[in-house]
$ cat final_36.cif   # mmCIF, C-alpha atoms and all ligand atoms
data_query
loop_
_atom_site.label_atom_id
_atom_site.label_comp_id
_atom_site.auth_asym_id
_atom_site.auth_seq_id
_atom_site.Cartn_x
_atom_site.Cartn_y
_atom_site.Cartn_z
CA MET A 24 14.80 -15.21 -12.75
CA THR A 25 11.16 -14.11 -12.45
CA ASP A 26 9.08 -15.22 -9.48
CA ARG A 27 7.10 -17.55 -11.72
CA ASP A 28 10.19 -19.14 -13.25
CA TYR A 29 11.56 -19.67 -9.74
CA LEU A 30 8.31 -21.27 -8.57
CA LYS A 31 8.19 -23.55 -11.60
CA LYS A 32 11.61 -24.87 -10.64
CA LEU A 33 10.67 -25.62 -7.04
CA ARG A 34 10.84 -29.30 -6.19
CA VAL A 35 7.69 -31.38 -5.69
CA PRO A 36 7.49 -31.77 -1.90
CA THR A 37 6.27 -34.72 0.18
CA PRO A 38 4.86 -34.94 3.72
CA ASN A 39 8.24 -36.33 4.82
CA ASP A 40 10.10 -33.52 3.12
CA PRO A 41 7.70 -30.57 2.98
CA LEU A 42 8.33 -27.32 1.17
CA ARG A 43 9.60 -24.77 3.69
CA VAL A 44 7.80 -21.45 3.34
CA LEU A 45 8.26 -18.45 5.62
CA VAL A 46 5.03 -16.48 5.93
CA SER A 47 3.82 -13.25 7.53
CA SER A 48 2.03 -14.56 10.63
CA CYS A 49 -1.08 -12.44 10.11
CA LEU A 50 -1.71 -14.11 6.74
CA THR A 51 -2.33 -17.37 8.60
CA GLY A 52 -4.91 -15.82 10.94
CA ILE A 53 -2.61 -15.01 13.86
CA MET A 54 -3.79 -11.79 15.47
CA CYS A 55 -0.51 -9.89 15.36
CA GLY A 56 -1.72 -6.86 13.38
CA TYR A 57 -1.15 -3.38 14.75
CA ASP A 58 -4.74 -3.32 16.06
CA GLY A 59 -4.64 -6.84 17.49
CA THR A 60 -6.45 -8.38 14.51
CA ALA A 61 -5.16 -10.60 11.71
CA ASN A 62 -5.48 -7.73 9.20
CA GLY A 63 -8.39 -9.45 7.44
CA GLU A 64 -8.70 -12.88 5.83
CA TYR A 65 -6.54 -14.02 2.97
CA PRO A 66 -7.88 -17.27 1.48
CA SER A 67 -5.00 -17.39 -1.01
CA VAL A 68 -2.67 -18.17 1.92
CA LEU A 69 -5.08 -19.75 4.41
CA LYS A 70 -5.64 -22.63 1.99
CA LEU A 71 -1.95 -23.55 2.33
CA LEU A 72 -2.56 -24.55 5.96
CA ALA A 73 -4.32 -27.69 4.75
CA TYR A 74 -1.32 -29.32 3.04
CA GLU A 75 1.00 -31.75 4.82
CA ASN A 76 3.67 -31.35 2.16
CA LEU A 77 4.11 -27.66 2.91
CA ARG A 78 5.47 -26.32 6.19
CA LEU A 79 4.57 -22.73 6.98
CA ILE A 80 7.04 -20.99 9.26
CA LYS A 81 5.18 -18.03 10.75
CA PHE A 82 6.86 -14.82 11.83
CA CYS A 83 5.65 -11.27 12.53
CA PRO A 84 8.54 -8.82 12.49
CA GLU A 85 6.62 -5.91 14.00
CA GLU A 86 5.26 -7.99 16.85
CA PHE A 87 8.82 -9.22 17.54
CA SER A 88 10.05 -5.67 18.12
CA PHE A 89 7.00 -3.73 19.21
CA GLY A 90 4.39 -6.20 20.52
CA SER A 91 0.70 -6.29 19.65
CA PRO A 92 -1.33 -4.17 19.56
CA ARG A 93 0.94 -1.28 18.66
CA GLU A 94 1.00 1.94 16.66
CA MET A 95 0.82 1.84 12.89
CA CYS A 96 4.11 2.69 11.20
CA ASP A 97 5.27 3.60 7.70
CA ILE A 98 8.50 4.25 5.86
CA HIS A 99 9.47 7.89 5.26
CA GLY A 100 12.00 8.99 2.66
CA GLY A 101 12.37 5.77 0.70
CA THR A 102 11.76 2.03 0.72
CA GLY A 103 12.63 -0.80 3.08
CA MET A 104 15.92 -1.24 1.21
CA ASP A 105 16.68 2.46 1.85
CA VAL A 106 15.95 1.91 5.56
CA LEU A 107 18.51 -0.92 5.62
CA ASN A 108 21.00 1.36 3.86
CA GLY A 109 20.49 4.16 6.40
CA LYS A 110 18.72 6.44 3.93
CA ALA A 111 15.10 6.31 5.16
CA LYS A 112 13.25 6.02 8.47
CA VAL A 113 10.35 4.11 9.94
CA LEU A 114 8.04 6.41 11.89
CA THR A 115 4.84 5.63 13.76
CA GLU A 116 1.66 7.56 13.23
CA SER A 117 2.50 9.67 16.32
CA GLY A 118 6.04 10.33 15.08
CA LYS A 119 8.08 7.82 17.12
CA ASP A 120 11.20 6.61 15.32
CA TRP A 121 10.99 2.83 15.02
CA THR A 122 13.81 2.48 12.50
CA GLU A 123 16.18 0.61 14.79
CA GLY A 124 13.51 -1.78 16.05
CA MET A 125 12.36 -2.50 12.53
CA ILE A 126 15.89 -3.29 11.36
CA LYS A 127 16.34 -5.63 14.35
CA ALA A 128 13.05 -7.33 13.47
CA SER A 129 14.18 -7.78 9.87
CA GLU A 130 17.47 -9.28 11.05
CA ARG A 131 15.57 -11.71 13.25
CA MET A 132 13.36 -12.68 10.31
CA LEU A 133 16.48 -13.34 8.24
CA GLU A 134 17.85 -15.54 11.05
CA VAL A 135 14.61 -17.54 11.00
CA ALA A 136 14.83 -17.88 7.21
CA ARG A 137 18.39 -19.18 7.46
CA LYS A 138 17.74 -21.51 10.39
CA GLU A 139 14.71 -23.04 8.68
CA ASN A 140 16.42 -23.11 5.29
CA ILE A 141 13.33 -21.66 3.63
CA GLU A 142 12.61 -22.08 -0.05
CA LEU A 143 10.10 -19.23 -0.41
CA ALA A 144 8.55 -16.39 1.59
CA ILE A 145 4.96 -15.21 1.27
CA MET A 146 4.46 -11.83 2.87
CA MET A 147 1.68 -9.31 3.42
CA ASP A 148 1.96 -6.62 0.79
CA ILE A 149 1.66 -2.90 1.68
CA SER A 150 3.11 -3.41 5.19
CA ALA A 151 6.13 -1.30 6.16
CA ALA A 152 7.74 -4.54 7.36
CA CYS A 153 6.36 -7.25 5.09
CA GLY A 154 5.39 -5.45 1.86
CA SER A 155 7.08 -7.04 -1.12
CA GLN A 156 5.82 -5.05 -4.09
CA VAL A 157 3.98 -1.93 -2.91
CA ILE A 158 4.32 0.10 0.29
CA TYR A 159 3.09 3.47 1.47
CA ASP A 160 5.28 6.47 0.77
CA GLY A 161 5.15 8.23 4.13
CA ASN A 162 2.25 8.25 6.57
CA ARG A 163 -0.73 6.29 5.30
CA PHE A 164 -3.07 8.45 7.37
CA SER A 165 -1.97 11.71 5.77
CA ASP A 166 -4.29 13.61 3.42
CA GLN A 167 -1.71 13.07 0.68
CA LYS A 168 -1.60 9.28 1.13
CA LYS A 169 0.71 7.83 -1.54
CA TYR A 170 1.96 4.41 -2.56
CA GLN A 171 5.38 3.54 -3.93
CA ILE A 172 6.88 0.49 -5.58
CA GLY A 173 9.22 -1.26 -3.16
CA ALA A 174 9.54 -3.68 -0.28
CA GLY A 175 9.08 -3.21 3.43
CA VAL A 176 12.08 -3.54 5.73
CA ALA A 177 11.81 -7.26 6.57
CA ALA A 178 11.00 -8.24 2.99
CA ALA A 179 13.95 -6.15 1.76
CA GLN A 180 16.22 -7.94 4.24
CA LEU A 181 15.19 -11.31 2.79
CA LEU A 182 15.38 -10.12 -0.82
CA ARG A 183 18.89 -8.76 -0.46
CA SER A 184 20.00 -12.11 0.95
CA GLY A 185 18.68 -13.83 -2.16
CA TYR A 186 15.39 -15.25 -0.89
CA LYS A 187 12.37 -15.24 -3.18
CA VAL A 188 9.49 -13.22 -1.72
CA ILE A 189 5.97 -13.09 -3.13
CA SER A 190 2.84 -11.50 -1.70
CA GLN A 191 -0.59 -12.84 -0.88
CA ARG A 192 -1.82 -10.96 -3.95
CA ASP A 193 0.52 -12.62 -6.43
CA TYR A 194 -2.22 -14.95 -7.58
CA ALA A 195 -0.46 -16.22 -10.73
CA SER A 196 2.63 -17.18 -8.73
CA LEU A 197 0.49 -18.78 -6.04
CA GLU A 198 -1.24 -20.87 -8.69
CA ILE A 199 2.13 -22.42 -9.52
CA LEU A 200 2.75 -23.09 -5.84
CA TYR A 201 -0.67 -24.76 -5.48
CA SER A 202 0.17 -27.03 -8.42
CA LYS A 203 3.44 -28.08 -6.73
CA ILE A 204 1.75 -29.14 -3.51
CA ASP A 205 -1.43 -30.57 -5.05
CA ALA A 206 -1.14 -32.72 -8.18
CA ALA A 207 -4.91 -32.39 -8.71
CA HIS A 208 -4.86 -28.59 -8.73
CA VAL A 209 -6.10 -27.08 -11.99
CA VAL A 210 -4.08 -23.96 -12.66
CA ASN A 211 -6.10 -20.79 -13.22
CA THR A 212 -4.31 -19.47 -16.28
CA VAL A 213 -5.92 -16.03 -16.13
CA ALA A 214 -4.73 -15.29 -12.59
CA LYS A 215 -2.42 -12.27 -12.33
CA ASP A 216 0.34 -11.19 -10.04
CA HIS A 217 -0.13 -7.88 -8.24
CA HIS A 218 2.11 -5.91 -10.61
CA GLU A 219 -0.05 -7.05 -13.56
CA ILE A 220 -3.43 -5.74 -12.37
CA GLU A 221 -5.00 -2.58 -13.75
CA TRP A 222 -4.80 -0.65 -10.47
CA TYR A 223 -1.04 -1.17 -10.27
CA LYS A 224 -0.42 -0.27 -13.91
CA ASP A 225 -2.66 2.82 -13.71
CA TYR A 226 -1.31 4.07 -10.39
CA PHE A 227 2.34 3.67 -11.32
CA LYS A 228 1.77 4.60 -14.96
CA ILE A 229 3.21 1.39 -16.34
CA SER A 230 2.12 0.47 -19.86
S1 LIG B 301 4.41 -6.98 10.47
FE1 LIG B 301 3.96 -8.42 8.84
S2 LIG B 301 3.28 -10.27 9.89
FE2 LIG B 301 3.17 -8.61 11.35
S3 LIG B 301 1.07 -7.85 11.22
FE3 LIG B 301 2.31 -6.59 9.86
S4 LIG B 301 2.12 -7.58 7.86
FE4 LIG B 301 1.46 -9.08 9.39
#

$ encode --input "final_36.cif" --output "structure tokens"
Amino acid sequence: MTDRDYLKKLRVPTPNDPLRVLVSSCLTGIMCGYDGTANGEYPSVLKLLAYENLRLIKFCPEEFSFGSPREMCDIHGGTGMDVLNGKAKVLTESGKDWTEGMIKASERMLEVARKENIELAIMMDISAACGSQVIYDGNRFSDQKKYQIGAGVAAAQLLRSGYKVISQRDYASLEILYSKIDAAHVVNTVAKDHHEIEWYKDYFKIS
């Protein structure tokens, strides 16, 4: 089932029975980024804070294992799913191996998802932990900076357990979510998900 088909089938929530959505903490303005900031402002997610019929469960996997601020890290030799399968590593910019800590953080995030019985996760794309569609391929500070299609370690942990994960850039999917929590919302029918934009199609040579 595509993300959009899944979102269309979500129930219409109420304040007494809100939709349960796990979210990367930084997307809600919490300053848990590697540099002690919130990694910028993301109105597509911040607007969700205003709805009583949606409960955002905030979690930052990297802060859980490594604290904030911390070094920047990226996945080397594969994707987050490869890290979980023992085939790739998470290394910091100075070369420290954070693979074990990142896997523990992803397991903790999965525990939170199960305990809260979440119905959706919205996660910060590009992050080695939270990316859901695109992540760096190796060190993002290298001269040969590259992107790859794939999920970060925590997102991969959720995906392989069957949870639906979208990113803050999946604007078409988010439009469906907005319409579920706000009957007056007028859906923007030209909004696109991240994998539909020109940059993505050009970079990954997808026609
Ligand atoms: S690990 Fe996830 S929640 Fe934490 S700062 Fe990075 S993207 Fe945000």

$ residues_near_ligand --input "final_36.cif" --ligand "ligand LIG 301 (chain B)" --cutoff "7 Å" --atoms "all atoms listed in the file" --output "ChimeraX atom specification"
/A:47-50,55-57,61-62,82-86,146-147,150,152-153

$ closest_residue --input "final_36.cif" --among "A:Leu79, A:Lys110, A:Glu134, A:Asp105" --to "Val44 (chain A)" --atoms "all atoms listed in the file"
A:Leu79

$ closest_residue --input "final_36.cif" --among "A:Gln156, A:Asn108, A:Gln180, A:Ser165" --to "Asp193 (chain A)" --atoms "all atoms listed in the file"
A:Gln156

$ closest_residue --input "final_36.cif" --among "A:Gly175, A:Met95, A:Tyr194, A:Arg163" --to "Ala111 (chain A)" --atoms "all atoms listed in the file"
A:Gly175

$ residues_around --input "final_36.cif" --residues "Asn140 (chain A)" --least-positions-apart "5" --cutoff "12 Å" --atoms "only C-alpha atoms" --output "number ranges by chain"
A: 41-45, 78-80, 132-135, 186

$ write_last_selection --input "final_36.cif" --atoms "C-alpha atoms" --output "CSV table (one decimal), keeping the file's coordinate frame"
chain,number,residue,atom,x,y,z
A,41,PRO,CA,7.7,-30.6,3.0
A,42,LEU,CA,8.3,-27.3,1.2
A,43,ARG,CA,9.6,-24.8,3.7
A,44,VAL,CA,7.8,-21.4,3.3
A,45,LEU,CA,8.3,-18.4,5.6
A,78,ARG,CA,5.5,-26.3,6.2
A,79,LEU,CA,4.6,-22.7,7.0
A,80,ILE,CA,7.0,-21.0,9.3
A,132,MET,CA,13.4,-12.7,10.3
A,133,LEU,CA,16.5,-13.3,8.2
A,134,GLU,CA,17.8,-15.5,11.0
A,135,VAL,CA,14.6,-17.5,11.0
A,186,TYR,CA,15.4,-15.2,-0.9

$ closest_residue --input "final_36.cif" --among "A:Thr60, A:Asn76, A:Asn211, A:Ser184" --to "Pro38 (chain A)" --atoms "only C-alpha atoms"
A:Asn76

$ closest_residue --input "final_36.cif" --among "A:Lys32, A:Leu182, A:Ser67, A:Met54" --to "Ala214 (chain A)" --atoms "all atoms listed in the file"
A:Ser67

$ residues_near_point --input "final_36.cif" --point "(6.1, -4.2, -3.5)" --cutoff "10 Å" --atoms "all atoms listed in the file" --output "list in words"
Thr102, Gly103, Met147, Asp148, Ile149, Ser150, Cys153, Gly154, Ser155, Gln156, Val157, Ile158, Tyr159, Tyr170, Gln171, Ile172, Gly173, Ala174, Gly175, Ala178, Ala179, Val188, Ile189, Ser190, His217 and His218 of chain A
